[in-house]
>>> print(open('my_file.cif').read())   # mmCIF, C-alpha atoms
data_entry
#
loop_
_atom_site.label_atom_id
_atom_site.label_comp_id
_atom_site.auth_asym_id
_atom_site.auth_seq_id
_atom_site.Cartn_x
_atom_site.Cartn_y
_atom_site.Cartn_z
CA MET C 1 -32.19 -5.74 -36.63
CA LEU C 2 -33.55 -7.13 -33.35
CA PRO C 3 -32.65 -4.11 -31.15
CA ALA C 4 -34.15 -1.82 -33.76
CA THR C 5 -37.35 -3.85 -33.71
CA PHE C 6 -37.57 -3.52 -29.92
CA LYS C 7 -37.08 0.27 -30.07
CA LEU C 8 -39.77 0.64 -32.70
CA CYS C 9 -42.24 -1.51 -30.75
CA ALA C 10 -41.48 0.31 -27.49
CA GLY C 11 -42.33 3.64 -29.10
CA ILE C 12 -45.91 2.55 -29.70
CA SER C 13 -46.75 2.33 -25.99
CA TYR C 14 -45.90 5.93 -25.10
CA ARG C 15 -48.54 8.65 -25.24
CA HIS C 16 -46.43 11.17 -27.09
CA THR C 17 -45.70 8.78 -29.96
CA ARG C 18 -49.06 7.11 -30.17
CA ASN C 19 -50.22 9.37 -32.97
CA MET C 20 -47.04 8.96 -35.01
CA THR C 21 -48.49 6.75 -37.72
CA GLY C 22 -45.20 6.41 -39.55
CA LEU C 23 -43.39 5.06 -36.49
CA ARG C 24 -46.15 2.59 -35.72
CA LYS C 25 -46.22 1.37 -39.30
CA ASN C 26 -42.44 0.88 -39.24
CA ALA C 27 -42.74 -1.22 -36.08
CA LEU C 28 -45.37 -3.45 -37.66
CA VAL C 29 -43.34 -3.78 -40.86
CA ALA C 30 -40.27 -4.84 -38.84
CA ILE C 31 -42.22 -7.62 -37.15
CA HIS C 32 -43.76 -8.72 -40.46
CA GLN C 33 -40.28 -9.00 -41.98
CA LYS C 34 -39.04 -11.22 -39.13
CA LEU C 35 -42.05 -13.51 -39.47
CA ASN C 36 -41.78 -13.72 -43.24
CA ARG C 37 -38.14 -14.82 -42.99
CA LEU C 38 -39.06 -17.62 -40.57
CA ALA C 39 -42.10 -18.65 -42.62
CA GLY C 40 -39.88 -18.95 -45.68
CA PRO C 41 -41.08 -19.70 -49.21
CA GLY C 42 -44.36 -21.52 -49.42
CA PRO C 43 -47.57 -21.78 -51.43
CA SER C 44 -48.19 -18.04 -50.94
CA THR C 45 -45.39 -16.01 -52.45
CA TRP C 46 -44.25 -12.61 -51.22
CA ILE C 47 -45.61 -10.88 -54.32
CA SER C 48 -49.11 -12.21 -53.70
CA GLN C 49 -49.01 -10.82 -50.16
CA VAL C 50 -47.90 -7.25 -50.92
CA ARG C 51 -51.36 -5.79 -51.54
CA ARG C 52 -52.86 -7.68 -48.60
CA ARG C 53 -50.09 -6.49 -46.29
CA SER C 54 -50.75 -2.83 -47.06
CA SER C 55 -54.42 -3.12 -46.08
CA LEU C 56 -53.50 -5.26 -43.06
CA LEU C 57 -51.12 -2.61 -41.74
CA SER C 58 -53.75 0.09 -42.16
CA SER C 59 -56.40 -1.96 -40.33
CA ARG C 60 -53.96 -2.75 -37.50
CA ILE C 61 -53.17 0.94 -37.02
CA ILE C 62 -56.86 1.85 -36.96
CA GLU C 63 -57.56 -0.98 -34.51
CA GLN C 64 -54.85 0.15 -32.09
CA GLU C 65 -56.14 3.74 -32.10
CA GLY C 66 -59.06 2.65 -29.90
CA LEU C 67 -56.98 0.85 -27.25
CA ASN C 68 -56.19 2.23 -23.81
CA GLU C 69 -52.70 2.20 -22.24
CA ALA C 70 -53.14 -1.17 -20.51
CA GLU C 71 -54.37 -2.80 -23.72
CA LEU C 72 -51.54 -1.31 -25.75
CA SER C 73 -49.10 -2.63 -23.16
CA TYR C 74 -50.45 -6.18 -23.62
CA VAL C 75 -50.18 -5.82 -27.40
CA LYS C 76 -46.57 -4.70 -27.08
CA GLN C 77 -45.73 -7.55 -24.67
CA GLY C 78 -47.18 -10.10 -27.07
CA GLU C 79 -45.30 -8.70 -30.05
CA ASP C 80 -42.07 -8.55 -28.01
CA ALA C 81 -42.53 -12.23 -27.11
CA LEU C 82 -43.10 -13.09 -30.75
CA THR C 83 -40.04 -11.15 -31.91
CA LYS C 84 -37.79 -12.76 -29.30
CA ALA C 85 -39.12 -16.25 -30.04
CA VAL C 86 -38.70 -15.86 -33.80
CA SER C 87 -35.13 -14.68 -33.26
CA ILE C 88 -34.34 -17.77 -31.15
CA LEU C 89 -35.95 -20.17 -33.62
CA SER C 90 -34.18 -18.54 -36.57
CA ASP C 91 -30.78 -19.43 -35.10
CA GLN C 92 -30.17 -23.10 -35.94
CA GLU C 93 -26.78 -23.28 -34.21
CA GLY C 94 -26.10 -24.69 -30.75
CA TRP C 95 -29.11 -26.97 -30.26
CA THR C 96 -28.61 -30.25 -28.37
CA VAL C 97 -30.88 -33.27 -28.85
CA GLU C 98 -32.76 -34.24 -25.67
CA ILE C 99 -35.19 -36.91 -26.93
CA VAL C 100 -35.87 -38.57 -30.27
CA ALA C 101 -38.95 -40.79 -30.63
CA ALA C 102 -39.31 -43.72 -33.03
CA ASN C 103 -41.73 -41.70 -35.19
CA GLY C 104 -39.21 -38.89 -35.66
CA ASP C 105 -40.55 -36.50 -33.01
CA LYS C 106 -37.68 -34.79 -31.26
CA VAL C 107 -36.95 -32.30 -28.50
CA LEU C 108 -33.85 -30.15 -28.59
CA SER C 109 -32.49 -27.69 -26.04
CA LYS C 110 -30.23 -24.69 -25.87
CA VAL C 111 -28.92 -22.43 -23.10
CA LEU C 112 -29.36 -18.72 -23.80
CA PRO C 113 -27.98 -15.70 -21.93
CA ASP C 114 -30.57 -13.93 -19.74
CA ILE C 115 -33.16 -16.64 -20.48
CA GLY C 116 -31.62 -19.96 -19.47
CA LYS C 117 -32.44 -23.31 -20.98
CA VAL C 118 -35.07 -23.39 -23.70
CA PHE C 119 -36.60 -26.42 -25.39
CA LYS C 120 -37.75 -26.91 -28.98
CA LEU C 121 -40.18 -29.61 -30.11
CA GLU C 122 -40.16 -30.54 -33.81
CA VAL C 123 -42.80 -32.91 -35.18
CA MET C 124 -44.74 -33.57 -38.37
CA LEU C 125 -48.52 -33.67 -38.05
CA GLU C 126 -51.07 -35.09 -40.48
CA GLN C 127 -53.35 -32.03 -40.50
CA ARG C 128 -53.14 -28.72 -42.32
CA PRO C 129 -52.02 -25.61 -40.37
CA ASP C 130 -55.51 -24.08 -40.48
CA SER C 131 -57.03 -27.07 -38.67
CA LEU C 132 -54.34 -27.03 -36.00
CA TYR C 133 -54.63 -23.25 -35.60
CA LYS C 134 -58.37 -23.57 -35.07
CA GLU C 135 -57.84 -26.16 -32.34
CA LEU C 136 -54.96 -24.42 -30.55
CA VAL C 137 -56.27 -20.84 -30.81
CA GLY C 138 -59.98 -20.99 -31.55
CA ASN C 139 -60.63 -23.84 -29.10
CA MET C 140 -57.93 -22.86 -26.60
CA GLU C 141 -60.17 -23.12 -23.54
CA GLN C 142 -60.92 -26.76 -24.39
CA MET C 143 -57.30 -27.86 -24.07
CA GLY C 144 -57.90 -29.35 -20.65
CA ASP C 145 -60.37 -31.79 -22.26
CA TRP C 146 -57.67 -33.58 -24.25
CA ASN C 147 -54.34 -32.72 -22.62
CA PRO C 148 -54.05 -34.36 -19.17
CA ASN C 149 -51.08 -32.12 -18.34
CA VAL C 150 -53.42 -29.12 -18.36
CA LYS C 151 -56.22 -28.66 -15.86
CA GLN C 152 -57.66 -25.45 -17.25
CA VAL C 153 -57.13 -22.65 -19.75
CA LYS C 154 -59.23 -19.52 -19.40
CA ILE C 155 -59.17 -16.39 -21.57
CA LEU C 156 -59.14 -13.40 -19.21
CA GLN C 157 -59.17 -10.69 -21.85
CA LYS C 158 -59.09 -10.30 -25.64
CA ILE C 159 -57.44 -7.27 -27.22
CA GLY C 160 -58.13 -6.88 -30.91
CA GLN C 161 -57.81 -9.80 -33.27
CA GLU C 162 -54.33 -11.03 -32.33
CA THR C 163 -53.76 -10.54 -28.59
CA MET C 164 -55.24 -12.14 -25.51
CA VAL C 165 -54.40 -12.67 -21.83
CA THR C 166 -54.93 -16.18 -20.46
CA HIS C 167 -54.75 -18.09 -17.20
CA GLU C 168 -53.51 -21.66 -17.36
CA VAL C 169 -53.36 -24.26 -14.59
CA SER C 170 -51.10 -27.29 -15.08
CA ALA C 171 -51.65 -30.69 -13.52
CA GLU C 172 -49.15 -32.22 -11.12
CA THR C 173 -46.70 -34.69 -12.61
CA PRO C 174 -46.90 -38.42 -11.76
CA GLY C 175 -45.85 -38.94 -8.16
CA ASN C 176 -46.35 -35.20 -7.62
CA VAL C 177 -42.66 -34.66 -8.39
CA VAL C 178 -43.71 -31.26 -9.67
CA GLY C 179 -46.92 -29.95 -8.13
CA PRO C 180 -49.56 -27.92 -9.94
CA ARG C 181 -48.49 -24.58 -11.36
CA ASP C 182 -50.43 -21.70 -12.81
CA PHE C 183 -49.47 -19.07 -15.37
CA VAL C 184 -50.86 -15.73 -16.46
CA SER C 185 -49.74 -15.16 -20.04
CA VAL C 186 -50.15 -12.68 -22.84
CA ARG C 187 -50.48 -14.42 -26.20
CA CYS C 188 -49.95 -13.08 -29.69
CA ALA C 189 -51.46 -15.04 -32.59
CA LYS C 190 -50.48 -14.14 -36.15
CA ARG C 191 -50.65 -15.62 -39.65
CA ARG C 192 -48.16 -14.96 -42.40
CA GLY C 193 -49.21 -16.55 -45.65
CA SER C 194 -49.73 -20.24 -44.89
CA THR C 195 -47.65 -20.14 -41.68
CA CYS C 196 -49.24 -19.56 -38.27
CA PHE C 197 -47.56 -18.26 -35.10
CA LEU C 198 -48.74 -18.39 -31.47
CA ALA C 199 -46.29 -16.68 -29.11
CA GLY C 200 -46.52 -15.78 -25.44
CA MET C 201 -44.86 -14.73 -22.23
CA SER C 202 -45.78 -14.19 -18.59
CA THR C 203 -47.66 -11.07 -17.58
CA GLN C 204 -49.92 -9.79 -14.82
CA HIS C 205 -53.65 -9.22 -14.88
CA PRO C 206 -55.85 -7.56 -12.24
CA ASN C 207 -58.47 -10.31 -12.50
CA MET C 208 -56.03 -13.10 -11.67
CA PRO C 209 -53.79 -12.52 -8.63
CA GLU C 210 -51.69 -15.38 -7.27
CA GLN C 211 -53.83 -18.28 -6.03
CA ARG C 212 -53.49 -19.92 -2.63
CA GLY C 213 -52.01 -23.42 -2.83
CA VAL C 214 -50.73 -23.01 -6.40
CA VAL C 215 -47.23 -21.88 -7.34
CA ARG C 216 -47.29 -19.01 -9.87
CA ALA C 217 -44.70 -20.00 -12.48
CA GLU C 218 -43.36 -17.92 -15.36
CA ASN C 219 -42.98 -18.62 -19.05
CA GLY C 220 -41.61 -17.00 -22.13
CA PRO C 221 -40.74 -16.38 -24.65
CA THR C 222 -42.71 -19.31 -26.01
CA CYS C 223 -43.93 -19.85 -29.54
CA ILE C 224 -45.72 -22.45 -31.65
CA VAL C 225 -45.08 -22.31 -35.39
CA LEU C 226 -47.36 -24.15 -37.82
CA LYS C 227 -45.81 -24.37 -41.28
CA PRO C 228 -47.09 -26.42 -44.25
CA CYS C 229 -44.89 -29.34 -45.20
CA ALA C 230 -43.15 -28.55 -48.49
CA GLU C 231 -43.65 -32.12 -49.77
CA ASP C 232 -47.30 -32.45 -48.69
CA LEU C 233 -49.40 -29.34 -48.06
CA ASN C 234 -51.92 -31.42 -46.10
CA LYS C 235 -49.29 -31.95 -43.39
CA THR C 236 -47.78 -29.48 -40.95
CA LYS C 237 -44.30 -28.98 -39.59
CA PHE C 238 -45.03 -28.20 -35.94
CA THR C 239 -42.38 -26.37 -33.90
CA TRP C 240 -42.84 -25.41 -30.25
CA LEU C 241 -40.34 -23.23 -28.41
CA LEU C 242 -40.74 -23.62 -24.64
CA SER C 243 -39.13 -21.55 -21.90
CA LEU C 244 -40.41 -22.04 -18.33
CA ASP C 245 -39.41 -21.11 -14.81
CA LEU C 246 -41.39 -23.49 -12.61
CA LYS C 247 -40.24 -21.80 -9.38
CA GLY C 248 -39.77 -23.76 -6.18
CA TRP C 249 -36.86 -25.94 -5.08
CA ILE C 250 -36.72 -28.41 -7.93
CA PRO C 251 -33.39 -29.83 -9.20
CA LYS C 252 -32.58 -28.75 -12.74
CA THR C 253 -32.14 -32.36 -13.86
CA ILE C 254 -35.76 -33.07 -12.91
CA ILE C 255 -37.03 -29.86 -14.54
CA ASN C 256 -35.21 -30.65 -17.78
CA LYS C 257 -36.65 -34.15 -17.88
CA VAL C 258 -40.17 -32.96 -17.05
CA LEU C 259 -40.21 -30.19 -19.67
CA SER C 260 -38.83 -32.29 -22.52
CA GLN C 261 -41.24 -35.13 -21.72
CA THR C 262 -44.12 -32.65 -21.46
CA GLN C 263 -43.44 -31.55 -25.03
CA MET C 264 -43.35 -35.14 -26.27
CA ASP C 265 -46.59 -35.90 -24.44
CA PHE C 266 -48.22 -32.80 -25.90
CA ALA C 267 -47.46 -33.94 -29.45
CA ASN C 268 -49.06 -37.34 -28.77
CA HIS C 269 -52.14 -35.85 -27.12
CA LEU C 270 -52.57 -33.34 -29.94
CA ARG C 271 -52.38 -36.13 -32.51
CA GLN C 272 -55.09 -38.04 -30.69
CA ARG C 273 -57.27 -34.93 -30.45
CA MET C 274 -56.91 -34.13 -34.14
CA ALA C 275 -57.58 -37.75 -35.13
CA THR C 276 -60.79 -37.61 -33.08
CA ASN C 277 -61.76 -34.35 -34.76
CA ASP C 278 -61.09 -35.83 -38.20
CA SER C 279 -63.25 -38.87 -37.41
CA THR C 280 -66.07 -36.65 -36.16
CA ASP C 281 -65.90 -34.54 -39.32
CA MET C 282 -66.07 -37.65 -41.51
CA VAL C 283 -69.14 -38.92 -39.66
CA SER C 284 -70.81 -35.50 -40.01
CA VAL C 285 -70.15 -35.46 -43.75
CA ALA C 286 -71.48 -39.01 -44.11
CA CYS C 287 -74.68 -38.05 -42.30
#
>>> encode(input="my_file.cif", output="structure tokens")
Amino acid sequence: MLPATFKLCAGISYRHTRNMTGLRKNALVAIHQKLNRLAGPGPSTWISQVRRRSSLLSSRIIEQEGLNEAELSYVKQGEDALTKAVSILSDQEGWTVEIVAANGDKVLSKVLPDIGKVFKLEVMLEQRPDSLYKELVGNMEQMGDWNPNVKQVKILQKIGQETMVTHEVSAETPGNVVGPRDFVSVRCAKRRGSTCFLAGMSTQHPNMPEQRGVVRAENGPTCIVLKPCAEDLNKTKFTWLLSLDLKGWIPKTIINKVLSQTQMDFANHLRQRMATNDSTDMVSVAC
């Protein structure tokens, strides 16, 4: 199924197939099917989504008609990243536990051909997926305000409703064991029923060449999945697939430790951010 998905997606970016509505619709349907399998059963059943999906596919096709070749390329890159990430997360075999916190947060890892070592964070958060999605996608450029591991996130370009190109600058680790890195990424944000996906991978953008004094690292495929907790719909099962090449002469043992700890730290910082948001909302309601 995965190779077929790639072939279908690849066809969209070529001029001679751009007007082949049937092919484009098949590509979108293939991606929808992969996401629906990962999202699994939830409050919104498949039957309730059928009518919506038909209109969604039509609107996506119309939206892509107005994109130029560069924009279509970014859309394809984002959807490729999402497809690869979903495929990795769907395979539950072969994961090794790296860290387990007292509250149940855990980081697992796995070595994959052609990609290398990837990390997976699994935590339970007290907020609903919509609230987390708003913070992580809608307020993306504010991430540096609450995550000390990030200096800056800037949206370089938005393409349609689901794709964007971003520039991120990471902070150096304590003791400057790993110096600051920057990334140029294409991101693909999608919702399937009550489950939200935010995938990405490295790309290039004319407005952000490599910066002097900062190592340009690479990422991807990466993906955050926000899925309602089956036992409590006000909570979210948060999964984050991370794949990074930090570049430079850094021992793998140090990289592995830094990346797994970065994921643990992110979960804690996100909890603090969301708790602050919840408190602010309560004060606003009271006023």
>>> resolve_selection(input="my_file.cif", expression="the PyMOL selection byres ((chain C and resi 130-143) around 8)", output="PyMOL selection string")
chain C and resi 127-129+144-147+150+152-155+189+196+198+226+274
>>> closest_residue(input="my_file.cif", among="C:Lys257, C:His167, C:Arg181, C:Arg271", to="Met201 of chain C", atoms="only C-alpha atoms")
C:His167
>>> atom_distance(input="my_file.cif", atom1="atom CA of Leu108 of chain C", atom2="atom CA of Lys120 of chain C")
5.1 Å
>>> resolve_selection(input="my_file.cif", expression="the PyMOL selection byres ((chain C and resi 204) around 10)", output="compact mmCIF listing (two decimals) with C-alpha atoms, in the coordinates of the input")
# COMPACT_ATOMS: atom_id res chain seq x y z
CA TYR C 74 -50.45 -6.18 -23.62
CA VAL C 165 -54.40 -12.67 -21.83
CA THR C 166 -54.93 -16.18 -20.46
CA HIS C 167 -54.75 -18.09 -17.20
CA PHE C 183 -49.47 -19.07 -15.37
CA VAL C 184 -50.86 -15.73 -16.46
CA SER C 185 -49.74 -15.16 -20.04
CA VAL C 186 -50.15 -12.68 -22.84
CA SER C 202 -45.78 -14.19 -18.59
CA THR C 203 -47.66 -11.07 -17.58
CA HIS C 205 -53.65 -9.22 -14.88
CA PRO C 206 -55.85 -7.56 -12.24
CA ASN C 207 -58.47 -10.31 -12.50
CA MET C 208 -56.03 -13.10 -11.67
CA PRO C 209 -53.79 -12.52 -8.63
CA GLU C 210 -51.69 -15.38 -7.27
>>> closest_residue(input="my_file.cif", among="C:Val97, C:Leu259, C:Ile159, C:Lys151", to="Glu69 of chain C", atoms="all atoms listed in the file")
C:Ile159
>>> closest_residue(input="my_file.cif", among="C:Cys229, C:Val215, C:Val169, C:Val178", to="Pro251 of chain C", atoms="only C-alpha atoms")
C:Val178
>>> resolve_selection(input="my_file.cif", expression="the PyMOL selection byres ((chain C and resi 177) around 10)", output="VMD selection string")
chain C and resid 172 to 176 178 to 180 250 254 to 255 258
>>> write_last_selection(input="my_file.cif", atoms="C-alpha atoms", output="PDB file, keeping the file's coordinate frame")
ATOM      1  CA  GLU C 172     -49.150 -32.220 -11.120  1.00  0.00           C
ATOM      2  CA  THR C 173     -46.700 -34.690 -12.610  1.00  0.00           C
ATOM      3  CA  PRO C 174     -46.900 -38.420 -11.760  1.00  0.00           C
ATOM      4  CA  GLY C 175     -45.850 -38.940  -8.160  1.00  0.00           C
ATOM      5  CA  ASN C 176     -46.350 -35.200  -7.620  1.00  0.00           C
ATOM      6  CA  VAL C 178     -43.710 -31.260  -9.670  1.00  0.00           C
ATOM      7  CA  GLY C 179     -46.920 -29.950  -8.130  1.00  0.00           C
ATOM      8  CA  PRO C 180     -49.560 -27.920  -9.940  1.00  0.00           C
ATOM      9  CA  ILE C 250     -36.720 -28.410  -7.930  1.00  0.00           C
ATOM     10  CA  ILE C 254     -35.760 -33.070 -12.910  1.00  0.00           C
ATOM     11  CA  ILE C 255     -37.030 -29.860 -14.540  1.00  0.00           C
ATOM     12  CA  VAL C 258     -40.170 -32.960 -17.050  1.00  0.00           C
TER      13      VAL C 258
END
>>> residues_around(input="my_file.cif", residues="segment 99-107 of chain C", least_positions_apart="2", cutoff="9 Å", atoms="all atoms listed in the file", output="PyMOL selection string")
chain C and resi 96-97+109+119-124+260-261+263-264+267
>>> residues_around(input="my_file.cif", residues="segment 75-82 of chain C", least_positions_apart="6", cutoff="6 Å", atoms="all atoms listed in the file", output="tab-separated table (two decimals) with C-alpha atoms, keeping the file's coordinate frame")
chain	number	residue	atom	x	y	z
C	186	VAL	CA	-50.15	-12.68	-22.84
C	187	ARG	CA	-50.48	-14.42	-26.20
C	188	CYS	CA	-49.95	-13.08	-29.69
C	199	ALA	CA	-46.29	-16.68	-29.11
C	200	GLY	CA	-46.52	-15.78	-25.44
C	201	MET	CA	-44.86	-14.73	-22.23
C	221	PRO	CA	-40.74	-16.38	-24.65
>>> atom_distance(input="my_file.cif", atom1="atom CA of Gly193 of chain C", atom2="atom CA of Trp240 of chain C")
18.9 Å
>>> atom_distance(input="my_file.cif", atom1="atom CA of Asp232 of chain C", atom2="atom CA of Asp265 of chain C")
24.5 Å
>>> closest_residue(input="my_file.cif", among="C:Thr239, C:Gln161, C:Thr253, C:Ser194", to="Phe266 of chain C", atoms="all atoms listed in the file")
C:Thr239
>>> residues_around(input="my_file.cif", residues="Ile88 of chain C", least_positions_apart="2", cutoff="12 Å", atoms="only C-alpha atoms", output="number ranges by chain")
C: 2, 34, 38, 81-86, 90-95, 109-113, 115, 117-120, 220-223, 240-243
>>> write_last_selection(input="my_file.cif", atoms="C-alpha atoms", output="compact mmCIF listing (two decimals), keeping the file's coordinate frame")
# COMPACT_ATOMS: atom_id res chain seq x y z
CA LEU C 2 -33.55 -7.13 -33.35
CA LYS C 34 -39.04 -11.22 -39.13
CA LEU C 38 -39.06 -17.62 -40.57
CA ALA C 81 -42.53 -12.23 -27.11
CA LEU C 82 -43.10 -13.09 -30.75
CA THR C 83 -40.04 -11.15 -31.91
CA LYS C 84 -37.79 -12.76 -29.30
CA ALA C 85 -39.12 -16.25 -30.04
CA VAL C 86 -38.70 -15.86 -33.80
CA SER C 90 -34.18 -18.54 -36.57
CA ASP C 91 -30.78 -19.43 -35.10
CA GLN C 92 -30.17 -23.10 -35.94
CA GLU C 93 -26.78 -23.28 -34.21
CA GLY C 94 -26.10 -24.69 -30.75
CA TRP C 95 -29.11 -26.97 -30.26
CA SER C 109 -32.49 -27.69 -26.04
CA LYS C 110 -30.23 -24.69 -25.87
CA VAL C 111 -28.92 -22.43 -23.10
CA LEU C 112 -29.36 -18.72 -23.80
CA PRO C 113 -27.98 -15.70 -21.93
CA ILE C 115 -33.16 -16.64 -20.48
CA LYS C 117 -32.44 -23.31 -20.98
CA VAL C 118 -35.07 -23.39 -23.70
CA PHE C 119 -36.60 -26.42 -25.39
CA LYS C 120 -37.75 -26.91 -28.98
CA GLY C 220 -41.61 -17.00 -22.13
CA PRO C 221 -40.74 -16.38 -24.65
CA THR C 222 -42.71 -19.31 -26.01
CA CYS C 223 -43.93 -19.85 -29.54
CA TRP C 240 -42.84 -25.41 -30.25
CA LEU C 241 -40.34 -23.23 -28.41
CA LEU C 242 -40.74 -23.62 -24.64
CA SER C 243 -39.13 -21.55 -21.90
>>> build_atoms(input="my_file.cif", residues="segment 187-204 of chain C", atoms="N, CA, C and O atoms", output="compact mmCIF listing (two decimals), in the coordinates of the input")
# COMPACT_ATOMS: atom_id res chain seq x y z
N ARG C 187 -50.70 -13.61 -24.99
CA ARG C 187 -50.48 -14.42 -26.20
C ARG C 187 -50.71 -13.56 -27.43
O ARG C 187 -51.64 -12.76 -27.49
N CYS C 188 -49.88 -13.81 -28.42
CA CYS C 188 -49.95 -13.08 -29.69
C CYS C 188 -50.09 -14.10 -30.81
O CYS C 188 -49.19 -14.92 -31.02
N ALA C 189 -51.20 -14.09 -31.51
CA ALA C 189 -51.46 -15.04 -32.59
C ALA C 189 -51.44 -14.32 -33.92
O ALA C 189 -52.16 -13.34 -34.11
N LYS C 190 -50.61 -14.78 -34.83
CA LYS C 190 -50.48 -14.14 -36.15
C LYS C 190 -50.42 -15.20 -37.24
O LYS C 190 -49.99 -16.33 -37.00
N ARG C 191 -50.80 -14.79 -38.45
CA ARG C 191 -50.65 -15.62 -39.65
C ARG C 191 -49.83 -14.85 -40.66
O ARG C 191 -50.02 -13.65 -40.85
N ARG C 192 -48.92 -15.54 -41.31
CA ARG C 192 -48.16 -14.96 -42.40
C ARG C 192 -48.19 -15.93 -43.56
O ARG C 192 -47.53 -16.97 -43.52
N GLY C 193 -49.02 -15.62 -44.57
CA GLY C 193 -49.21 -16.55 -45.65
C GLY C 193 -49.85 -17.82 -45.11
O GLY C 193 -50.88 -17.79 -44.46
N SER C 194 -49.21 -18.96 -45.35
CA SER C 194 -49.73 -20.24 -44.89
C SER C 194 -49.16 -20.64 -43.54
O SER C 194 -49.49 -21.71 -43.02
N THR C 195 -48.29 -19.82 -42.95
CA THR C 195 -47.65 -20.14 -41.68
C THR C 195 -48.34 -19.41 -40.54
O THR C 195 -48.67 -18.23 -40.66
N CYS C 196 -48.57 -20.12 -39.43
CA CYS C 196 -49.24 -19.56 -38.27
C CYS C 196 -48.28 -19.51 -37.08
O CYS C 196 -47.47 -20.42 -36.89
N PHE C 197 -48.41 -18.45 -36.28
CA PHE C 197 -47.56 -18.26 -35.10
C PHE C 197 -48.45 -18.03 -33.88
O PHE C 197 -49.43 -17.30 -33.95
N LEU C 198 -48.07 -18.64 -32.75
CA LEU C 198 -48.74 -18.39 -31.47
C LEU C 198 -47.64 -18.23 -30.43
O LEU C 198 -47.04 -19.21 -29.98
N ALA C 199 -47.37 -16.97 -30.05
CA ALA C 199 -46.29 -16.68 -29.11
C ALA C 199 -46.88 -16.20 -27.79
O ALA C 199 -48.04 -15.78 -27.71
N GLY C 200 -46.04 -16.24 -26.74
CA GLY C 200 -46.52 -15.78 -25.44
C GLY C 200 -45.41 -15.58 -24.44
O GLY C 200 -44.27 -16.00 -24.64
N MET C 201 -45.78 -14.93 -23.34
CA MET C 201 -44.86 -14.73 -22.23
C MET C 201 -45.69 -14.38 -21.00
O MET C 201 -46.86 -14.00 -21.10
N SER C 202 -45.07 -14.49 -19.83
CA SER C 202 -45.78 -14.19 -18.59
C SER C 202 -46.11 -12.72 -18.48
O SER C 202 -45.40 -11.85 -18.98
N THR C 203 -47.24 -12.45 -17.82
CA THR C 203 -47.66 -11.07 -17.58
C THR C 203 -48.45 -11.05 -16.28
O THR C 203 -48.51 -12.05 -15.55
N GLN C 204 -49.04 -9.92 -15.99
CA GLN C 204 -49.92 -9.79 -14.82
C GLN C 204 -51.27 -9.28 -15.29
O GLN C 204 -51.36 -8.56 -16.28
